[in-house]
>>> print(open('final.cif').read())   # mmCIF, C-alpha atoms
data_structure
#
loop_
_atom_site.group_PDB
_atom_site.id
_atom_site.type_symbol
_atom_site.label_atom_id
_atom_site.label_comp_id
_atom_site.auth_asym_id
_atom_site.auth_seq_id
_atom_site.Cartn_x
_atom_site.Cartn_y
_atom_site.Cartn_z
ATOM 1 C CA MET J 1 38.312 -16.978 -14.786
ATOM 2 C CA ALA J 2 39.369 -14.795 -11.875
ATOM 3 C CA SER J 3 41.933 -12.012 -11.960
ATOM 4 C CA SER J 4 43.296 -9.501 -9.513
ATOM 5 C CA SER J 5 42.457 -5.837 -9.862
ATOM 6 C CA PRO J 6 44.869 -3.341 -8.314
ATOM 7 C CA GLU J 7 42.308 -0.554 -8.104
ATOM 8 C CA PHE J 8 40.511 -2.415 -5.334
ATOM 9 C CA ALA J 9 43.664 -3.074 -3.315
ATOM 10 C CA PRO J 10 43.612 -1.664 0.219
ATOM 11 C CA ALA J 11 46.093 1.087 -0.668
ATOM 12 C CA ALA J 12 43.593 2.539 -3.140
ATOM 13 C CA ALA J 13 40.542 2.295 -0.888
ATOM 14 C CA GLU J 14 37.803 4.874 -1.289
ATOM 15 C CA THR J 15 37.842 7.409 1.537
ATOM 16 C CA ASN J 16 35.118 9.924 2.278
ATOM 17 C CA GLY J 17 35.255 11.519 5.670
ATOM 18 C CA SER J 18 36.807 9.241 8.260
ATOM 19 C CA VAL J 19 35.140 6.040 7.053
ATOM 20 C CA ARG J 20 36.742 4.305 4.115
ATOM 21 C CA ILE J 21 35.348 1.668 1.793
ATOM 22 C CA ARG J 22 37.814 -1.074 0.934
ATOM 23 C CA ARG J 23 38.005 -4.786 0.210
ATOM 24 C CA LEU J 24 37.806 -7.235 3.083
ATOM 25 C CA GLU J 25 41.163 -8.085 4.632
ATOM 26 C CA ILE J 26 41.965 -11.266 6.506
ATOM 27 C CA SER J 27 42.604 -9.205 9.649
ATOM 28 C CA ASP J 28 38.999 -7.925 9.590
ATOM 29 C CA ARG J 29 38.027 -10.897 11.743
ATOM 30 C CA GLU J 30 39.501 -8.868 14.600
ATOM 31 C CA ARG J 31 37.671 -5.691 13.511
ATOM 32 C CA GLY J 32 34.149 -6.972 14.060
ATOM 33 C CA PHE J 33 33.341 -8.306 10.589
ATOM 34 C CA LEU J 34 31.546 -11.447 11.800
ATOM 35 C CA THR J 35 29.745 -9.592 14.587
ATOM 36 C CA LEU J 36 28.445 -7.213 11.941
ATOM 37 C CA LEU J 37 27.304 -10.071 9.693
ATOM 38 C CA SER J 38 25.457 -11.607 12.654
ATOM 39 C CA GLN J 39 23.133 -8.573 12.538
ATOM 40 C CA LEU J 40 21.973 -9.874 9.136
ATOM 41 C CA SER J 41 21.690 -13.613 9.706
ATOM 42 C CA ALA J 42 23.154 -16.459 11.742
ATOM 43 C CA CYS J 43 26.908 -16.057 11.795
ATOM 44 C CA PRO J 44 28.676 -18.214 14.366
ATOM 45 C CA GLU J 45 32.154 -17.131 15.424
ATOM 46 C CA LEU J 46 34.928 -18.704 13.343
ATOM 47 C CA THR J 47 38.397 -19.563 14.559
ATOM 48 C CA ALA J 48 41.259 -17.714 12.923
ATOM 49 C CA SER J 49 42.051 -20.756 10.808
ATOM 50 C CA GLU J 50 38.398 -21.273 9.766
ATOM 51 C CA PHE J 51 38.198 -17.608 8.812
ATOM 52 C CA ALA J 52 41.471 -17.805 6.900
ATOM 53 C CA ALA J 53 40.304 -20.877 4.990
ATOM 54 C CA CYS J 54 37.048 -19.203 3.920
ATOM 55 C CA PHE J 55 38.923 -16.005 3.068
ATOM 56 C CA ALA J 56 41.348 -17.952 0.877
ATOM 57 C CA ASP J 57 38.545 -19.866 -0.888
ATOM 58 C CA LEU J 58 36.783 -16.626 -1.742
ATOM 59 C CA ALA J 59 39.981 -14.745 -2.592
ATOM 60 C CA ALA J 60 40.797 -17.489 -5.096
ATOM 61 C CA LEU J 61 37.793 -16.254 -7.099
ATOM 62 C CA GLY J 62 39.565 -12.907 -7.568
ATOM 63 C CA ASP J 63 37.331 -10.169 -8.905
ATOM 64 C CA ASP J 64 34.533 -12.712 -9.393
ATOM 65 C CA HIS J 65 33.920 -12.394 -5.643
ATOM 66 C CA VAL J 66 34.364 -9.031 -3.930
ATOM 67 C CA ILE J 67 33.535 -8.280 -0.302
ATOM 68 C CA LEU J 68 33.659 -4.594 0.594
ATOM 69 C CA VAL J 69 33.702 -3.185 4.090
ATOM 70 C CA ALA J 70 33.311 0.306 5.524
ATOM 71 C CA GLU J 71 35.966 0.858 8.169
ATOM 72 C CA ASP J 72 36.012 3.583 10.791
ATOM 73 C CA PRO J 73 39.647 3.898 11.844
ATOM 74 C CA ALA J 74 38.605 6.047 14.795
ATOM 75 C CA ALA J 75 36.476 3.319 16.380
ATOM 76 C CA ALA J 76 37.607 0.737 18.915
ATOM 77 C CA PRO J 77 39.600 -1.978 17.116
ATOM 78 C CA GLU J 78 36.949 -4.670 17.428
ATOM 79 C CA LYS J 79 34.164 -2.357 16.219
ATOM 80 C CA ARG J 80 35.769 -0.785 13.157
ATOM 81 C CA ILE J 81 33.806 -2.571 10.434
ATOM 82 C CA LEU J 82 30.549 -0.626 10.195
ATOM 83 C CA ALA J 83 29.095 -1.923 6.925
ATOM 84 C CA THR J 84 29.684 -4.638 4.374
ATOM 85 C CA GLY J 85 28.358 -5.971 1.107
ATOM 86 C CA CYS J 86 29.375 -8.626 -1.373
ATOM 87 C CA LEU J 87 29.367 -8.971 -5.150
ATOM 88 C CA PHE J 88 29.876 -12.184 -7.010
ATOM 89 C CA VAL J 89 29.960 -12.535 -10.736
ATOM 90 C CA GLU J 90 28.115 -15.343 -12.465
ATOM 91 C CA ARG J 91 29.068 -16.428 -16.001
ATOM 92 C CA LYS J 92 26.380 -17.551 -18.409
ATOM 93 C CA PHE J 93 25.993 -18.859 -21.937
ATOM 94 C CA LEU J 94 23.155 -16.317 -22.242
ATOM 95 C CA HIS J 95 23.874 -12.835 -23.595
ATOM 96 C CA GLY J 96 26.911 -13.993 -25.548
ATOM 97 C CA VAL J 97 28.798 -15.524 -22.623
ATOM 98 C CA GLY J 98 27.477 -12.758 -20.399
ATOM 99 C CA LYS J 99 28.170 -11.903 -16.804
ATOM 100 C CA VAL J 100 25.660 -11.105 -14.075
ATOM 101 C CA GLY J 101 26.607 -9.426 -10.823
ATOM 102 C CA HIS J 102 24.879 -10.651 -7.668
ATOM 103 C CA VAL J 103 24.871 -8.348 -4.643
ATOM 104 C CA GLU J 104 24.586 -10.253 -1.375
ATOM 105 C CA ASP J 105 24.969 -9.834 2.368
ATOM 106 C CA VAL J 106 24.602 -6.073 2.702
ATOM 107 C CA VAL J 107 24.434 -4.961 6.316
ATOM 108 C CA VAL J 108 25.148 -1.783 8.264
ATOM 109 C CA ASP J 109 25.884 -1.798 11.984
ATOM 110 C CA ALA J 110 22.752 -0.811 13.901
ATOM 111 C CA ALA J 111 24.624 2.063 15.579
ATOM 112 C CA ALA J 112 25.894 3.432 12.250
ATOM 113 C CA ARG J 113 22.683 3.489 10.197
ATOM 114 C CA GLY J 114 21.498 6.703 8.549
ATOM 115 C CA ARG J 115 25.002 7.774 7.543
ATOM 116 C CA GLY J 116 24.815 6.452 3.990
ATOM 117 C CA LEU J 117 27.478 3.789 4.534
ATOM 118 C CA GLY J 118 25.388 0.982 3.085
ATOM 119 C CA LEU J 119 24.597 3.036 0.000
ATOM 120 C CA ARG J 120 28.287 3.795 -0.494
ATOM 121 C CA VAL J 121 29.088 0.091 -0.300
ATOM 122 C CA VAL J 122 26.298 -0.909 -2.692
ATOM 123 C CA ARG J 123 27.084 1.847 -5.197
ATOM 124 C CA ARG J 124 30.715 0.752 -5.267
ATOM 125 C CA LEU J 125 29.675 -2.878 -5.780
ATOM 126 C CA VAL J 126 27.497 -1.779 -8.703
ATOM 127 C CA GLU J 127 30.436 0.135 -10.189
ATOM 128 C CA ILE J 128 32.642 -2.942 -9.847
ATOM 129 C CA ALA J 129 29.996 -5.066 -11.583
ATOM 130 C CA LYS J 130 29.804 -2.559 -14.431
ATOM 131 C CA GLU J 131 33.584 -2.373 -14.731
ATOM 132 C CA ALA J 132 33.704 -6.179 -14.811
ATOM 133 C CA GLY J 133 31.450 -6.144 -17.869
ATOM 134 C CA CYS J 134 28.272 -7.427 -16.264
ATOM 135 C CA TYR J 135 25.167 -6.762 -18.322
ATOM 136 C CA LYS J 136 23.089 -6.483 -15.154
ATOM 137 C CA VAL J 137 23.411 -6.589 -11.403
ATOM 138 C CA ILE J 138 20.699 -8.093 -9.216
ATOM 139 C CA LEU J 139 19.873 -8.559 -5.557
ATOM 140 C CA ASP J 140 17.099 -9.924 -3.385
ATOM 141 C CA CYS J 141 15.659 -8.027 -0.460
ATOM 142 C CA THR J 142 12.585 -7.644 1.688
ATOM 143 C CA PRO J 143 9.785 -5.458 0.257
ATOM 144 C CA GLU J 144 10.596 -2.792 2.890
ATOM 145 C CA LEU J 145 14.012 -2.238 1.312
ATOM 146 C CA ARG J 146 12.751 -1.457 -2.204
ATOM 147 C CA ALA J 147 13.134 2.296 -1.681
ATOM 148 C CA TYR J 148 16.576 1.886 -0.148
ATOM 149 C CA TYR J 149 17.936 0.061 -3.167
ATOM 150 C CA ALA J 150 16.090 2.374 -5.531
ATOM 151 C CA LYS J 151 18.485 5.084 -4.280
ATOM 152 C CA CYS J 152 21.263 3.060 -5.927
ATOM 153 C CA GLY J 153 19.338 2.708 -9.187
ATOM 154 C CA PHE J 154 17.729 -0.688 -8.635
ATOM 155 C CA VAL J 155 14.204 -1.320 -9.861
ATOM 156 C CA GLU J 156 11.910 -4.173 -8.866
ATOM 157 C CA LYS J 157 12.139 -6.986 -11.363
ATOM 158 C CA GLY J 158 10.573 -10.129 -9.944
ATOM 159 C CA VAL J 159 10.029 -12.255 -6.890
ATOM 160 C CA GLN J 160 12.542 -14.267 -4.930
ATOM 161 C CA MET J 161 11.615 -17.850 -4.071
ATOM 162 C CA ALA J 162 13.479 -20.051 -1.596
ATOM 163 C CA ILE J 163 13.714 -23.502 -0.065
ATOM 164 C CA TYR J 164 15.400 -23.809 3.337
ATOM 165 C CA PHE J 165 16.870 -27.219 4.115
ATOM 166 C CA MET D 1 36.674 -25.225 -3.962
ATOM 167 C CA ALA D 2 35.314 -27.234 -6.871
ATOM 168 C CA SER D 3 35.277 -30.984 -7.116
ATOM 169 C CA SER D 4 34.002 -33.542 -9.564
ATOM 170 C CA SER D 5 31.086 -35.757 -8.660
ATOM 171 C CA PRO D 6 30.743 -39.031 -10.537
ATOM 172 C CA GLU D 7 27.035 -39.382 -9.802
ATOM 173 C CA PHE D 8 26.331 -36.536 -12.225
ATOM 174 C CA ALA D 9 28.463 -37.935 -15.017
ATOM 175 C CA PRO D 10 26.575 -38.601 -18.261
ATOM 176 C CA ALA D 11 26.733 -42.363 -17.736
ATOM 177 C CA ALA D 12 24.618 -42.041 -14.597
ATOM 178 C CA ALA D 13 22.040 -39.653 -16.032
ATOM 179 C CA GLU D 14 18.495 -39.827 -14.705
ATOM 180 C CA THR D 15 16.139 -41.443 -17.166
ATOM 181 C CA ASN D 16 12.366 -41.452 -16.959
ATOM 182 C CA GLY D 17 10.539 -42.376 -20.093
ATOM 183 C CA SER D 18 12.458 -41.460 -23.218
ATOM 184 C CA VAL D 19 13.714 -38.097 -21.968
ATOM 185 C CA ARG D 20 16.732 -38.171 -19.696
ATOM 186 C CA ILE D 21 18.091 -35.501 -17.361
ATOM 187 C CA ARG D 22 21.863 -35.201 -17.403
ATOM 188 C CA ARG D 23 24.639 -32.646 -17.113
ATOM 189 C CA LEU D 24 25.416 -30.425 -20.075
ATOM 190 C CA GLU D 25 27.951 -31.854 -22.489
ATOM 191 C CA ILE D 26 30.158 -29.853 -24.809
ATOM 192 C CA SER D 27 28.471 -31.488 -27.802
ATOM 193 C CA ASP D 28 25.089 -30.073 -26.724
ATOM 194 C CA ARG D 29 25.845 -26.997 -28.823
ATOM 195 C CA GLU D 30 24.824 -29.206 -31.764
ATOM 196 C CA ARG D 31 21.704 -30.458 -29.962
ATOM 197 C CA GLY D 32 19.949 -27.113 -29.744
ATOM 198 C CA PHE D 33 21.111 -25.927 -26.312
ATOM 199 C CA LEU D 34 21.629 -22.288 -27.334
ATOM 200 C CA THR D 35 18.439 -22.195 -29.404
ATOM 201 C CA LEU D 36 16.600 -23.342 -26.297
ATOM 202 C CA LEU D 37 18.243 -20.681 -24.123
ATOM 203 C CA SER D 38 17.224 -18.040 -26.656
ATOM 204 C CA GLN D 39 13.606 -18.767 -25.687
ATOM 205 C CA LEU D 40 14.486 -17.361 -22.245
ATOM 206 C CA SER D 41 16.625 -14.336 -23.092
ATOM 207 C CA ALA D 42 19.042 -12.997 -25.686
ATOM 208 C CA CYS D 43 21.407 -15.792 -26.640
ATOM 209 C CA PRO D 44 23.452 -15.101 -29.759
ATOM 210 C CA GLU D 45 24.916 -18.104 -31.551
ATOM 211 C CA LEU D 46 28.434 -18.999 -30.377
ATOM 212 C CA THR D 47 31.159 -20.549 -32.490
ATOM 213 C CA ALA D 48 32.348 -23.967 -31.449
ATOM 214 C CA SER D 49 35.457 -22.432 -29.892
ATOM 215 C CA GLU D 50 33.485 -19.745 -28.027
ATOM 216 C CA PHE D 51 31.146 -22.417 -26.712
ATOM 217 C CA ALA D 52 34.052 -24.633 -25.703
ATOM 218 C CA ALA D 53 35.750 -21.767 -23.862
ATOM 219 C CA CYS D 54 32.616 -20.963 -21.858
ATOM 220 C CA PHE D 55 32.012 -24.661 -21.208
ATOM 221 C CA ALA D 56 35.565 -25.030 -19.874
ATOM 222 C CA ASP D 57 35.305 -21.931 -17.663
ATOM 223 C CA LEU D 58 32.113 -23.247 -16.087
ATOM 224 C CA ALA D 59 33.327 -26.844 -15.885
ATOM 225 C CA ALA D 60 36.344 -25.581 -13.929
ATOM 226 C CA LEU D 61 33.918 -24.713 -11.135
ATOM 227 C CA GLY D 62 33.049 -28.412 -10.795
ATOM 228 C CA ASP D 63 29.997 -29.086 -8.700
ATOM 229 C CA ASP D 64 29.824 -25.396 -7.767
ATOM 230 C CA HIS D 65 28.257 -24.861 -11.218
ATOM 231 C CA VAL D 66 25.913 -27.483 -12.646
ATOM 232 C CA ILE D 67 23.934 -27.137 -15.863
ATOM 233 C CA LEU D 68 21.361 -29.864 -16.400
ATOM 234 C CA VAL D 69 19.591 -30.591 -19.648
ATOM 235 C CA ALA D 70 16.629 -32.767 -20.598
ATOM 236 C CA GLU D 71 17.472 -34.703 -23.747
ATOM 237 C CA ASP D 72 15.055 -36.500 -26.021
ATOM 238 C CA PRO D 73 17.151 -39.045 -27.915
ATOM 239 C CA ALA D 74 14.255 -39.669 -30.302
ATOM 240 C CA ALA D 75 14.167 -36.065 -31.561
ATOM 241 C CA ALA D 76 16.046 -34.642 -34.541
ATOM 242 C CA PRO D 77 19.702 -34.150 -33.565
ATOM 243 C CA GLU D 78 19.539 -30.351 -33.464
ATOM 244 C CA LYS D 79 16.342 -30.347 -31.364
ATOM 245 C CA ARG D 80 17.203 -32.872 -28.675
ATOM 246 C CA ILE D 81 17.680 -30.499 -25.729
ATOM 247 C CA LEU D 82 14.149 -29.813 -24.491
ATOM 248 C CA ALA D 83 14.803 -28.192 -21.118
ATOM 249 C CA THR D 84 17.638 -26.831 -19.073
ATOM 250 C CA GLY D 85 18.392 -25.257 -15.726
ATOM 251 C CA CYS D 86 21.492 -24.208 -13.841
ATOM 252 C CA LEU D 87 22.650 -24.320 -10.226
ATOM 253 C CA PHE D 88 25.608 -22.460 -8.873
ATOM 254 C CA VAL D 89 26.820 -22.615 -5.325
ATOM 255 C CA GLU D 90 27.823 -19.472 -3.473
ATOM 256 C CA ARG D 91 30.086 -19.657 -0.403
ATOM 257 C CA LYS D 92 29.531 -17.255 2.474
ATOM 258 C CA PHE D 93 31.014 -16.370 5.845
ATOM 259 C CA LEU D 94 27.402 -16.414 7.091
ATOM 260 C CA HIS D 95 25.928 -19.578 8.551
ATOM 261 C CA GLY D 96 29.343 -20.920 9.562
ATOM 262 C CA VAL D 97 30.940 -20.767 6.113
ATOM 263 C CA GLY D 98 27.630 -21.721 4.584
ATOM 264 C CA LYS D 99 26.642 -22.487 1.018
ATOM 265 C CA VAL D 100 23.665 -21.133 -0.919
ATOM 266 C CA GLY D 101 22.424 -22.683 -4.130
ATOM 267 C CA HIS D 102 21.229 -20.327 -6.842
ATOM 268 C CA VAL D 103 18.946 -21.743 -9.539
ATOM 269 C CA GLU D 104 19.209 -19.827 -12.803
ATOM 270 C CA ASP D 105 18.261 -20.029 -16.462
ATOM 271 C CA VAL D 106 15.437 -22.544 -16.338
ATOM 272 C CA VAL D 107 13.672 -22.908 -19.667
ATOM 273 C CA VAL D 108 11.583 -25.553 -21.412
ATOM 274 C CA ASP D 109 11.198 -25.672 -25.166
ATOM 275 C CA ALA D 110 7.856 -24.139 -26.153
ATOM 276 C CA ALA D 111 6.851 -27.346 -27.960
ATOM 277 C CA ALA D 112 7.666 -29.521 -24.932
ATOM 278 C CA ARG D 113 5.881 -27.657 -22.153
ATOM 279 C CA GLY D 114 3.311 -29.392 -19.960
ATOM 280 C CA ARG D 115 5.318 -32.625 -19.758
ATOM 281 C CA GLY D 116 6.942 -31.849 -16.423
ATOM 282 C CA LEU D 117 10.454 -31.590 -17.853
ATOM 283 C CA GLY D 118 11.221 -28.252 -16.201
ATOM 284 C CA LEU D 119 10.057 -29.551 -12.851
ATOM 285 C CA ARG D 120 12.265 -32.623 -13.223
ATOM 286 C CA VAL D 121 15.247 -30.387 -13.956
ATOM 287 C CA VAL D 122 14.533 -28.030 -11.060
ATOM 288 C CA ARG D 123 13.887 -30.827 -8.574
ATOM 289 C CA ARG D 124 17.178 -32.455 -9.515
ATOM 290 C CA LEU D 125 18.978 -29.105 -9.104
ATOM 291 C CA VAL D 126 17.443 -28.753 -5.640
ATOM 292 C CA GLU D 127 18.606 -32.278 -4.761
ATOM 293 C CA ILE D 128 22.116 -31.418 -5.922
ATOM 294 C CA ALA D 129 22.096 -28.248 -3.805
ATOM 295 C CA LYS D 130 21.008 -30.259 -0.776
ATOM 296 C CA GLU D 131 23.616 -32.940 -1.409
ATOM 297 C CA ALA D 132 26.248 -30.195 -1.710
ATOM 298 C CA GLY D 133 25.391 -29.027 1.800
ATOM 299 C CA CYS D 134 23.613 -25.787 0.897
ATOM 300 C CA TYR D 135 21.487 -24.438 3.737
ATOM 301 C CA LYS D 136 19.048 -22.960 1.217
ATOM 302 C CA VAL D 137 18.419 -22.733 -2.504
ATOM 303 C CA ILE D 138 16.975 -19.599 -4.080
ATOM 304 C CA LEU D 139 15.793 -18.348 -7.445
ATOM 305 C CA ASP D 140 14.210 -15.282 -8.990
ATOM 306 C CA CYS D 141 11.191 -15.457 -11.254
ATOM 307 C CA THR D 142 8.233 -13.493 -12.514
ATOM 308 C CA PRO D 143 5.166 -13.398 -10.243
ATOM 309 C CA GLU D 144 3.321 -15.651 -12.715
ATOM 310 C CA LEU D 145 5.762 -18.483 -12.010
ATOM 311 C CA ARG D 146 5.225 -18.564 -8.221
ATOM 312 C CA ALA D 147 2.864 -21.536 -8.454
ATOM 313 C CA TYR D 148 5.200 -23.391 -10.827
ATOM 314 C CA TYR D 149 8.116 -23.229 -8.427
ATOM 315 C CA ALA D 150 5.857 -23.942 -5.463
ATOM 316 C CA LYS D 151 5.425 -27.421 -7.001
ATOM 317 C CA CYS D 152 9.139 -27.925 -6.298
ATOM 318 C CA GLY D 153 8.828 -26.706 -2.707
ATOM 319 C CA PHE D 154 9.817 -23.060 -3.173
ATOM 320 C CA VAL D 155 8.059 -20.355 -1.188
ATOM 321 C CA GLU D 156 8.086 -16.631 -1.856
ATOM 322 C CA LYS D 157 10.740 -14.954 0.235
ATOM 323 C CA GLY D 158 11.357 -11.432 -1.059
ATOM 324 C CA VAL D 159 11.626 -9.193 -4.081
ATOM 325 C CA GLN D 160 14.238 -9.172 -6.793
ATOM 326 C CA MET D 161 15.763 -5.823 -7.711
ATOM 327 C CA ALA D 162 17.925 -5.191 -10.783
ATOM 328 C CA ILE D 163 20.006 -2.645 -12.644
ATOM 329 C CA TYR D 164 20.549 -3.221 -16.365
ATOM 330 C CA PHE D 165 23.665 -1.591 -17.804
#
>>> encode(input="final.cif", output="structure tokens")
Amino acid sequence: MASSSPEFAPAAAETNGSVRIRRLEISDRERGFLTLLSQLSACPELTASEFAACFADLAALGDDHVILVAEDPAAAPEKRILATGCLFVERKFLHGVGKVGHVEDVVVDAAARGRGLGLRVVRRLVEIAKEAGCYKVILDCTPELRAYYAKCGFVEKGVQMAIYF
Amino acid sequence: MASSSPEFAPAAAETNGSVRIRRLEISDRERGFLTLLSQLSACPELTASEFAACFADLAALGDDHVILVAEDPAAAPEKRILATGCLFVERKFLHGVGKVGHVEDVVVDAAARGRGLGLRVVRRLVEIAKEAGCYKVILDCTPELRAYYAKCGFVEKGVQMAIYF
């Protein structure tokens, strides 16, 4: 089901100014990736081996699970990851064995907002979903973020419901 | 990442009255599964080999991808699948390598609505998500279905945004 895709390898990362958009690397634990995620939701620190295990589980999904990061190589080492977002691809019987892209866990460092980094991440995730053959890409957000995601082409489609255990 | 779980094997299907809730079987192509899905969204007929290939891809995800069906053994063979719903489990770095359950593709045959079959399917999917250790389970629906999913314990959380390619 999963396959590797050389165009998303670190060597071919998108660069635009000093900040580049690339796939998550296992060494991003030391570049502030989890600290950044903790600005979105609870994200306890993980040991190097816990991080590596999760990284390997997700990497095993290949292009069915893509985490992008925006890295500022000029920043202090532990603060280089300024934005992130994730895409995972769901397979369905619907739509002739169709694929749906789900965008999750988009966050921009509070000190780096207003620079368009989140939009660059999300637009790239949408491109990846399209290239993967998804017939749609969806995400859930708070009502306040409707206009933000509209800049990437998203339109409101429904309501998100949840149960927290 | 995926593992098998004997409690969801067909032999241990939930029964309640004549209709039983169980996991999708490859032979459900002949019991009206795709015809039922077509009441939800576009679902072209699949050949037996296309169906088998999709079934195998999804089955390879083990308990990270569960499709339940409600079967009426008293119905005509090609009309036995009266309801269905799907759960897939997403892994995250967030929440200490947390899991989120996504409920998708819930549909009840138009002639079988009002019998609580969809609710039975959804409640079982929620139980499976909880048993799998998910910290939450989410779904997207139209505003008209808020009250329906509230019967299963869901509360409105946000808005769903989409891009159709």
>>> residues_around(input="final.cif", residues="stretch 39-50 of chain J", least_positions_apart="5", cutoff="9 Å", atoms="all atoms listed in the file", output="ChimeraX atom specification")
/J:29,34,55,105-110 /D:93-97
>>> resolve_selection(input="final.cif", expression="the PyMOL selection byres ((chain D and resi 60-77) around 7)", output="count of residues only")
30
>>> interface_residues(input="final.cif", of="chain D", to="chain J", cutoff="7 Å", atoms="only C-alpha atoms", output="PDB file with C-alpha atoms, keeping the file's coordinate frame")
ATOM      1  CA  MET D   1      36.674 -25.225  -3.962  1.00  0.00           C
ATOM      2  CA  LEU D  37      18.243 -20.681 -24.123  1.00  0.00           C
ATOM      3  CA  SER D  41      16.625 -14.336 -23.092  1.00  0.00           C
ATOM      4  CA  ALA D  42      19.042 -12.997 -25.686  1.00  0.00           C
ATOM      5  CA  CYS D  43      21.407 -15.792 -26.640  1.00  0.00           C
ATOM      6  CA  PRO D  44      23.452 -15.101 -29.759  1.00  0.00           C
ATOM      7  CA  CYS D  54      32.616 -20.963 -21.858  1.00  0.00           C
ATOM      8  CA  ASP D  57      35.305 -21.931 -17.663  1.00  0.00           C
ATOM      9  CA  PHE D  93      31.014 -16.370   5.845  1.00  0.00           C
ATOM     10  CA  LEU D  94      27.402 -16.414   7.091  1.00  0.00           C
ATOM     11  CA  HIS D  95      25.928 -19.578   8.551  1.00  0.00           C
ATOM     12  CA  GLY D  96      29.343 -20.920   9.562  1.00  0.00           C
ATOM     13  CA  VAL D  97      30.940 -20.767   6.113  1.00  0.00           C
ATOM     14  CA  TYR D 135      21.487 -24.438   3.737  1.00  0.00           C
ATOM     15  CA  LYS D 136      19.048 -22.960   1.217  1.00  0.00           C
ATOM     16  CA  VAL D 137      18.419 -22.733  -2.504  1.00  0.00           C
ATOM     17  CA  ILE D 138      16.975 -19.599  -4.080  1.00  0.00           C
ATOM     18  CA  LEU D 139      15.793 -18.348  -7.445  1.00  0.00           C
ATOM     19  CA  ASP D 140      14.210 -15.282  -8.990  1.00  0.00           C
ATOM     20  CA  CYS D 141      11.191 -15.457 -11.254  1.00  0.00           C
ATOM     21  CA  THR D 142       8.233 -13.493 -12.514  1.00  0.00           C
ATOM     22  CA  PRO D 143       5.166 -13.398 -10.243  1.00  0.00           C
ATOM     23  CA  GLY D 153       8.828 -26.706  -2.707  1.00  0.00           C
ATOM     24  CA  PHE D 154       9.817 -23.060  -3.173  1.00  0.00           C
ATOM     25  CA  VAL D 155       8.059 -20.355  -1.188  1.00  0.00           C
ATOM     26  CA  GLU D 156       8.086 -16.631  -1.856  1.00  0.00           C
ATOM     27  CA  LYS D 157      10.740 -14.954   0.235  1.00  0.00           C
ATOM     28  CA  GLY D 158      11.357 -11.432  -1.059  1.00  0.00           C
ATOM     29  CA  VAL D 159      11.626  -9.193  -4.081  1.00  0.00           C
ATOM     30  CA  GLN D 160      14.238  -9.172  -6.793  1.00  0.00           C
ATOM     31  CA  MET D 161      15.763  -5.823  -7.711  1.00  0.00           C
ATOM     32  CA  ALA D 162      17.925  -5.191 -10.783  1.00  0.00           C
ATOM     33  CA  ILE D 163      20.006  -2.645 -12.644  1.00  0.00           C
ATOM     34  CA  TYR D 164      20.549  -3.221 -16.365  1.00  0.00           C
ATOM     35  CA  PHE D 165      23.665  -1.591 -17.804  1.00  0.00           C
TER      36      PHE D 165
END
>>> atom_distance(input="final.cif", atom1="atom CA of J:Ala52", atom2="atom CA of J:Ser27")
9.1 Å
>>> atom_distance(input="final.cif", atom1="atom CA of J:Gly114", atom2="atom CA of J:Glu131")
27.8 Å
>>> axis_aligned_box(input="final.cif", around="stretch 127-131 of chain D", padding_each_side="3 Å", output="AutoDock Vina command-line options")
--center_x 21.1 --center_y -30.6 --center_z -3.3 --size_x 11.0 --size_y 10.7 --size_z 11.1
>>> build_atoms(input="final.cif", residues="stretch 148-154 of chain J", atoms="N, CA, C and O atoms", output="tab-separated table (two decimals), in the coordinates of the input")
chain	number	residue	atom	x	y	z
J	148	TYR	N	15.15	1.76	-0.46
J	148	TYR	CA	16.58	1.89	-0.15
J	148	TYR	C	17.41	1.57	-1.38
J	148	TYR	O	18.29	2.35	-1.78
J	149	TYR	N	17.13	0.45	-2.01
J	149	TYR	CA	17.94	0.06	-3.17
J	149	TYR	C	17.60	0.90	-4.40
J	149	TYR	O	18.43	1.04	-5.30
J	150	ALA	N	16.42	1.46	-4.43
J	150	ALA	CA	16.09	2.37	-5.53
J	150	ALA	C	17.04	3.58	-5.53
J	150	ALA	O	17.34	4.13	-6.59
J	151	LYS	N	17.53	3.96	-4.35
J	151	LYS	CA	18.48	5.08	-4.28
J	151	LYS	C	19.79	4.76	-5.00
J	151	LYS	O	20.55	5.66	-5.33
J	152	CYS	N	20.06	3.48	-5.19
J	152	CYS	CA	21.26	3.06	-5.93
J	152	CYS	C	20.94	2.74	-7.38
J	152	CYS	O	21.81	2.26	-8.11
J	153	GLY	N	19.69	2.95	-7.79
J	153	GLY	CA	19.34	2.71	-9.19
J	153	GLY	C	18.65	1.39	-9.44
J	153	GLY	O	18.32	1.08	-10.60
J	154	PHE	N	18.40	0.61	-8.42
J	154	PHE	CA	17.73	-0.69	-8.64
J	154	PHE	C	16.22	-0.49	-8.84
J	154	PHE	O	15.61	0.38	-8.20
